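Note: the block below is protein.tsv and it holds TSV, C-alpha atoms.
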```
chain	number	residue	atom	x	y	z
A	830	MET	CA	72.71	149.63	129.23
A	831	THR	CA	73.03	148.58	132.85
A	832	ALA	CA	76.14	147.13	134.40
A	833	ILE	CA	74.47	143.74	134.72
A	834	THR	CA	73.65	143.76	131.02
A	835	ARG	CA	77.24	144.61	130.19
A	836	VAL	CA	78.42	141.72	132.34
A	837	ARG	CA	76.07	139.34	130.54
A	838	MET	CA	77.28	140.52	127.12
A	839	LEU	CA	80.89	140.17	128.19
A	840	ALA	CA	80.25	136.67	129.47
A	841	VAL	CA	78.72	135.65	126.16
A	842	ALA	CA	81.62	137.18	124.24
A	843	LEU	CA	84.23	135.48	126.44
A	844	ALA	CA	82.46	132.15	126.14
A	845	GLY	CA	82.64	132.51	122.38
A	846	LEU	CA	86.32	133.33	122.54
A	847	VAL	CA	86.96	130.30	124.72
A	848	ALA	CA	85.15	128.07	122.28
A	849	VAL	CA	87.03	129.44	119.27
A	850	GLY	CA	90.39	129.80	121.00
A	851	CYS	CA	90.47	126.28	122.28
A	852	GLY	CA	89.67	124.73	118.95
A	853	LYS	CA	92.62	123.35	117.06
A	854	SER	CA	91.37	124.66	113.78
A	855	SER	CA	88.59	126.85	112.60
A	856	THR	CA	87.85	124.42	109.81
A	857	THR	CA	86.05	121.18	110.40
A	858	THR	CA	86.48	117.90	108.61
A	859	SER	CA	84.07	115.09	108.27
A	860	PRO	CA	84.86	111.76	109.95
A	861	SER	CA	86.87	109.60	107.61
A	862	THR	CA	86.12	106.17	108.97
A	863	THR	CA	86.50	103.57	106.29
A	864	THR	CA	85.08	100.12	106.49
A	865	THR	CA	86.96	97.43	104.66
A	866	GLY	CA	85.43	94.12	103.87
A	867	PRO	CA	86.92	90.78	104.85
A	868	SER	CA	89.92	89.42	102.97
A	869	THR	CA	90.04	85.99	101.41
A	870	GLU	CA	93.24	83.98	101.10
A	871	TYR	CA	93.72	80.49	99.69
A	872	PHE	CA	96.14	77.98	101.13
A	873	THR	CA	96.88	75.32	98.56
A	874	GLY	CA	99.37	72.50	98.44
A	875	THR	CA	100.00	68.80	98.44
A	876	LEU	CA	99.63	66.83	101.63
A	877	SER	CA	101.42	63.52	101.88
A	878	PRO	CA	100.60	60.74	104.33
A	879	THR	CA	101.94	61.41	107.87
A	880	THR	CA	102.89	65.00	107.05
A	881	SER	CA	101.56	68.46	107.89
A	882	SER	CA	101.84	71.98	106.57
A	883	PHE	CA	100.78	75.43	107.70
A	884	TYR	CA	100.04	78.87	106.31
A	885	SER	CA	100.33	82.21	108.13
A	886	PHE	CA	98.09	85.22	107.60
A	887	THR	CA	97.60	88.60	109.22
A	888	VAL	CA	94.37	89.81	110.78
A	889	THR	CA	94.52	93.61	110.57
A	890	ASN	CA	91.33	94.42	112.46
A	891	GLN	CA	89.58	92.43	115.16
A	892	GLY	CA	86.91	90.30	113.62
A	893	ALA	CA	85.76	86.91	112.50
A	894	VAL	CA	88.04	84.30	110.94
A	895	SER	CA	86.59	81.37	109.06
A	896	VAL	CA	88.46	78.43	107.59
A	897	THR	CA	87.05	76.07	104.99
A	898	LEU	CA	88.60	72.97	103.49
A	899	ALA	CA	87.14	73.70	100.08
A	900	SER	CA	88.68	71.02	97.93
A	901	GLU	CA	90.60	67.79	98.13
A	902	THR	CA	91.65	65.92	95.02
A	903	THR	CA	94.22	63.38	93.96
A	904	ALA	CA	95.50	65.51	91.08
A	905	LYS	CA	95.10	69.05	89.75
A	906	VAL	CA	92.59	67.63	87.34
A	907	GLY	CA	91.29	64.58	89.04
A	908	PRO	CA	88.56	63.09	91.14
A	909	ALA	CA	87.52	64.66	94.39
A	910	VAL	CA	88.25	62.65	97.50
A	911	SER	CA	86.63	62.86	100.87
A	912	SER	CA	89.31	61.50	103.16
A	913	PRO	CA	89.26	63.54	106.36
A	914	ILE	CA	92.07	66.04	106.88
A	915	ALA	CA	93.03	67.53	110.23
A	916	LEU	CA	92.35	71.24	109.84
A	917	GLY	CA	93.61	73.61	112.52
A	918	LEU	CA	93.67	77.30	113.44
A	919	GLY	CA	96.30	78.82	115.72
A	920	VAL	CA	99.42	80.96	115.84
A	921	PRO	CA	102.86	80.23	114.37
A	922	ILE	CA	105.27	79.21	117.12
A	923	GLY	CA	108.61	77.52	116.67
A	924	PHE	CA	108.66	75.36	113.57
A	925	GLY	CA	104.90	74.88	113.44
A	926	CYS	CA	101.43	76.20	114.07
A	927	SER	CA	100.27	76.05	117.69
A	928	LEU	CA	96.59	75.20	117.40
A	929	SER	CA	93.75	76.73	119.39
A	930	SER	CA	91.09	74.77	117.52
A	931	SER	CA	91.09	71.84	115.14
A	932	ALA	CA	88.85	69.25	113.58
A	933	ASP	CA	89.08	66.33	111.18
A	934	VAL	CA	87.06	67.49	108.21
A	935	SER	CA	86.09	66.60	104.69
A	936	PRO	CA	85.75	69.21	101.94
A	937	GLY	CA	82.64	71.35	102.17
A	938	LEU	CA	81.03	74.62	101.21
A	939	SER	CA	80.70	76.11	104.67
A	940	ALA	CA	83.43	76.91	107.16
A	941	GLN	CA	84.52	74.05	109.35
A	942	LEU	CA	86.48	76.26	111.76
A	943	THR	CA	85.48	79.74	112.89
A	944	ASN	CA	86.64	82.26	115.44
A	945	PRO	CA	84.04	85.03	115.73
A	946	SER	CA	86.38	87.58	117.28
A	947	SER	CA	90.06	87.28	116.49
A	948	ALA	CA	92.25	90.13	117.67
A	949	ALA	CA	94.59	91.78	115.19
A	950	GLY	CA	97.75	89.73	114.75
A	951	ILE	CA	99.33	86.84	112.92
A	952	TYR	CA	97.54	83.51	112.82
A	953	CYS	CA	98.06	80.24	111.00
A	954	VAL	CA	96.02	77.47	109.47
A	955	SER	CA	97.43	73.98	109.41
A	956	VAL	CA	96.55	70.84	107.51
A	957	ALA	CA	97.75	67.44	108.59
A	958	ASP	CA	97.15	63.82	107.85
A	959	PRO	CA	95.04	62.48	110.72
A	960	GLY	CA	96.27	59.01	109.84
A	961	THR	CA	93.81	58.21	107.11
A	962	LEU	CA	95.68	59.27	103.97
A	963	SER	CA	97.07	56.50	101.81
A	964	ALA	CA	98.33	58.76	99.01
A	965	ASP	CA	99.12	62.40	98.28
A	966	VAL	CA	96.16	64.77	98.06
A	967	ILE	CA	95.96	68.29	96.68
A	968	PHE	CA	94.03	70.57	98.98
A	969	VAL	CA	92.55	74.06	98.85
A	970	VAL	CA	91.73	75.85	102.08
A	971	ARG	CA	89.81	79.14	101.99
A	972	ILE	CA	90.60	81.61	104.80
A	973	VAL	CA	88.34	84.63	105.30
A	974	HIS	CA	89.44	87.24	107.83
A	975	THR	CA	89.28	90.93	108.60
B	1444	MET	CA	81.00	148.63	142.34
B	1445	PHE	CA	79.28	145.28	142.44
B	1446	ALA	CA	79.30	145.11	138.64
B	1447	SER	CA	83.02	145.85	138.47
B	1448	ARG	CA	83.81	143.10	140.95
B	1449	LEU	CA	81.57	140.71	139.07
B	1450	LEU	CA	83.36	141.58	135.82
B	1451	CYS	CA	86.73	140.96	137.42
B	1452	VAL	CA	85.72	137.62	138.91
B	1453	LEU	CA	84.16	136.51	135.65
B	1454	ALA	CA	87.26	137.42	133.68
B	1455	CYS	CA	89.46	135.50	136.09
B	1456	VAL	CA	87.24	132.43	135.98
B	1457	VAL	CA	87.05	132.43	132.19
B	1458	GLY	CA	90.76	132.99	131.88
B	1459	THR	CA	91.54	130.10	134.16
B	1460	VAL	CA	89.11	127.82	132.36
B	1461	CYS	CA	90.62	128.76	129.02
B	1462	LEU	CA	94.19	128.24	130.15
B	1463	THR	CA	93.33	124.87	131.63
B	1464	ALA	CA	91.29	123.71	128.70
B	1465	CYS	CA	93.83	124.80	126.13
B	1466	ASP	CA	96.85	123.40	127.93
B	1467	LYS	CA	97.38	119.86	126.78
B	1468	ASN	CA	99.82	119.27	129.60
B	1469	ALA	CA	97.48	120.52	132.30
B	1470	SER	CA	96.33	117.03	133.18
B	1471	THR	CA	97.32	115.99	136.65
B	1472	SER	CA	97.93	112.41	135.60
B	1473	THR	CA	101.07	111.84	133.60
B	1474	THR	CA	102.41	108.76	131.85
B	1475	SER	CA	106.01	107.99	131.24
B	1476	PRO	CA	107.19	107.48	127.69
B	1477	SER	CA	107.36	103.79	126.87
B	1478	SER	CA	109.65	103.93	123.87
B	1479	LEU	CA	112.57	102.19	125.53
B	1480	PRO	CA	112.89	98.58	124.34
B	1481	ALA	CA	112.55	95.91	127.00
B	1482	ASP	CA	115.56	93.75	127.71
B	1483	ALA	CA	115.74	90.33	126.11
B	1484	THR	CA	114.87	87.90	128.89
B	1485	ILE	CA	113.78	84.87	126.89
B	1486	ASN	CA	116.25	82.73	124.99
B	1487	GLU	CA	115.10	80.09	122.52
B	1488	SER	CA	117.55	77.70	120.88
B	1489	PHE	CA	116.64	75.70	117.82
B	1490	SER	CA	118.23	73.39	115.28
B	1491	SER	CA	117.27	72.29	111.82
B	1492	ALA	CA	118.62	70.62	108.75
B	1493	LEU	CA	119.28	72.95	105.84
B	1494	ASN	CA	119.44	71.66	102.29
B	1495	VAL	CA	121.36	73.09	99.38
B	1496	ASN	CA	119.41	76.19	98.25
B	1497	GLY	CA	117.08	75.51	101.14
B	1498	THR	CA	115.51	77.66	103.80
B	1499	PHE	CA	113.75	77.24	107.12
B	1500	PHE	CA	112.19	79.55	109.65
B	1501	TYR	CA	111.39	79.60	113.34
B	1502	SER	CA	108.58	81.72	114.83
B	1503	PHE	CA	108.56	83.35	118.24
B	1504	SER	CA	106.18	85.59	120.12
B	1505	MET	CA	107.07	88.91	121.76
B	1506	ALA	CA	104.74	90.20	124.45
B	1507	GLN	CA	106.12	93.71	124.26
B	1508	PHE	CA	108.41	96.02	122.32
B	1509	GLY	CA	111.94	94.89	123.07
B	1510	SER	CA	115.39	93.89	121.95
B	1511	VAL	CA	115.97	90.89	119.73
B	1512	ALA	CA	119.33	89.20	119.19
B	1513	ILE	CA	119.75	86.30	116.78
B	1514	THR	CA	122.84	84.14	116.90
B	1515	LEU	CA	123.86	81.58	114.31
B	1516	THR	CA	125.83	79.43	116.72
B	1517	ASN	CA	126.97	76.48	114.66
B	1518	ILE	CA	126.92	74.83	111.25
B	1519	SER	CA	127.84	71.17	111.11
B	1520	GLY	CA	128.13	68.70	108.28
B	1521	SER	CA	130.58	67.14	105.91
B	1522	ASP	CA	132.50	69.04	103.29
B	1523	LEU	CA	131.85	72.50	104.72
B	1524	PRO	CA	133.36	75.16	102.45
B	1525	ASP	CA	135.84	77.61	103.99
B	1526	GLY	CA	134.27	80.87	105.07
B	1527	LEU	CA	130.79	79.40	104.94
B	1528	THR	CA	128.05	81.92	105.59
B	1529	LEU	CA	124.29	81.56	105.70
B	1530	ASN	CA	121.64	84.21	105.24
B	1531	VAL	CA	120.11	85.03	108.62
B	1532	GLY	CA	117.12	87.32	108.89
B	1533	ILE	CA	114.19	88.42	110.99
B	1534	GLY	CA	110.70	89.05	109.72
B	1535	ARG	CA	107.05	88.04	109.92
B	1536	PRO	CA	105.46	84.69	109.09
B	1537	THR	CA	103.58	85.14	105.83
B	1538	GLY	CA	101.91	82.37	103.88
B	1539	THR	CA	104.17	79.35	103.98
B	1540	THR	CA	107.34	81.35	104.54
B	1541	CYS	CA	108.93	84.05	106.70
B	1542	THR	CA	109.22	87.39	104.96
B	1543	PRO	CA	112.39	89.04	106.29
B	1544	SER	CA	112.58	92.74	107.00
B	1545	LEU	CA	116.30	92.42	107.70
B	1546	SER	CA	118.69	89.78	106.44
B	1547	LEU	CA	122.44	89.43	106.19
B	1548	ALA	CA	125.14	86.85	105.49
B	1549	ALA	CA	126.51	85.52	108.76
B	1550	SER	CA	129.25	83.17	109.90
B	1551	PRO	CA	128.62	81.06	112.99
B	1552	GLY	CA	129.80	82.51	116.28
B	1553	ASP	CA	128.89	83.40	119.83
B	1554	THR	CA	128.07	87.05	119.13
B	1555	PRO	CA	124.59	87.84	117.80
B	1556	GLN	CA	124.75	88.58	114.11
B	1557	VAL	CA	121.29	90.11	113.76
B	1558	THR	CA	119.99	92.55	116.35
B	1559	GLY	CA	117.21	95.09	116.57
B	1560	ASP	CA	114.16	96.27	118.44
B	1561	TYR	CA	110.83	94.69	117.56
B	1562	GLY	CA	107.41	93.82	118.89
B	1563	PRO	CA	105.00	93.18	120.25
B	1564	GLY	CA	103.69	90.36	118.08
B	1565	ILE	CA	104.83	87.26	116.30
B	1566	PHE	CA	108.11	87.32	114.41
B	1567	CYS	CA	110.30	84.73	112.75
B	1568	VAL	CA	113.95	83.96	112.22
B	1569	VAL	CA	114.69	82.80	108.70
B	1570	ILE	CA	117.90	81.01	107.75
B	1571	SER	CA	118.76	80.08	104.20
B	1572	ASP	CA	121.60	78.91	101.99
B	1573	SER	CA	123.52	81.89	100.62
B	1574	GLY	CA	124.63	79.81	97.65
B	1575	LEU	CA	127.70	78.27	99.26
B	1576	LEU	CA	126.31	74.93	100.45
B	1577	THR	CA	127.41	71.85	98.57
B	1578	ALA	CA	125.65	69.37	100.85
B	1579	PRO	CA	122.95	69.44	103.53
B	1580	VAL	CA	124.05	70.79	106.92
B	1581	LYS	CA	122.72	70.98	110.45
B	1582	VAL	CA	122.21	74.52	111.74
B	1583	ASP	CA	122.10	75.57	115.39
B	1584	ALA	CA	120.84	79.04	116.26
B	1585	SER	CA	119.17	80.97	119.05
B	1586	VAL	CA	117.00	84.02	119.45
B	1587	ALA	CA	116.90	86.19	122.57
B	1588	HIS	CA	113.86	88.41	122.94
B	1589	SER	CA	111.51	90.04	125.46
```
Is it possible to give me this structure as structure tokens?
Amino acid sequence: MTAITRVRMLAVALAGLVAVGCGKSSTTTSPSTTTTGPSTEYFTGTLSPTTSSFYSFTVTNQGAVSVTLASETTAKVGPAVSSPIALGLGVPIGFGCSLSSSADVSPGLSAQLTNPSSAAGIYCVSVADPGTLSADVIFVVRIVHT
Amino acid sequence: MFASRLLCVLACVVGTVCLTACDKNASTSTTSPSSLPADATINESFSSALNVNGTFFYSFSMAQFGSVAITLTNISGSDLPDGLTLNVGIGRPTGTTCTPSLSLAASPGDTPQVTGDYGPGIFCVVISDSGLLTAPVKVDASVAHS
């Protein structure tokens, strides 16, 4: 065995030691990334003429938020009504919900408000009489978020 | 002779690489710990009516981790019972309420009754009847935060 060969062997051995010695553990674990699906919350209540109400929820991972006014009736068991309601999405500030988007909407099956990329944090959905309600209505708002 | 020198140089190089790679503190760029809470520089005052057995909450936003001081400054109304206290707490807006993580019975005064380090994010002050109210009152309070 020549000196050069010995040097090469030593280099290989030292490289192996470096690789092993710098590792935190000799055992390896598989990545444990878990993907959770979106959460659904329901905001329900009674909205009287000239009033408003809001509901806070927590987005735990950045992702889409969709808000749907799903139902509007005059009683728990009663006819559906289609009077527009002011639906809003924002963040709770002070005594209310500071809106970043809003629309006057009637009940529907698809989301009327969406934010495709909401950062993690606390948000709120508000409902308000846009000036068209003449009597109390019972509403159901579906909120889907990550 | 050449081989011996080569061995020596190689050993030194590998040793240096290993020490550098394995030393977590070897980085030349350092960051200071940021665990100290920021001073409260924002003061928000608010007032609300409080009914018997009632509750209300006020949300505020903290841009960073910092000190929070909540002061129940005044309770006004007719027929106030002696030694009147209200429940004062801090928490997170959840649903249609504020879920307190800390709450205590407090008498009005100039010294903050609820203090702590929180943030960043959205938090809320919640004030409720501790069971002593006999009539609606007006409540004045403030929250200092970063």
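Proximity to stretch 1511-1514 of chain B at 6 Å, evaluated using all atoms listed in the file and with sequence-adjacent residues fewer than 3 positions away removed, yields B:Pro1555, B:Gln1556, B:Val1557, B:Thr1558, B:Gly1559, B:Asp1560, B:Ala1584, B:Ser1585, B:Val1586, B:Ala1587, B:His1588.
Restricting the calculation to all atoms listed in the file, the smallest distance between chain A and any of B:Leu1523, B:Ile1565, B:Val1582, B:Leu1515 is found for B:Ile1565.
The protein and nucleic acid residues lying at most 9 Å from A:Thr903 are A:Ala909, A:Val910, A:Ala964, A:Asp965, A:Val966, A:Ile967, A:Phe968, with all atoms listed in the file considered and sequence neighbours fewer than 6 positions away removed.
Proximity to B:Gly1520 at 8 Å, evaluated using only C-alpha atoms and with sequence-adjacent residues fewer than 5 positions away removed, yields Ala1578, Pro1579, Val1580 and Lys1581 of chain B.
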Selection from above, C-alpha atoms, as a PDB file, keeping the file's coordinate frame, can you write it?
```pdb
ATOM      1  CA  ALA B1578     125.650  69.370 100.850  1.00  0.00           C
ATOM      2  CA  PRO B1579     122.950  69.440 103.530  1.00  0.00           C
ATOM      3  CA  VAL B1580     124.050  70.790 106.920  1.00  0.00           C
ATOM      4  CA  LYS B1581     122.720  70.980 110.450  1.00  0.00           C
TER       5      LYS B1581
END
```
Query raised in the report: In Å, with one decimal, what is the gap from atom CA of B:Thr1484 to atom CA of B:Leu1545?
Result: 21.7 Å
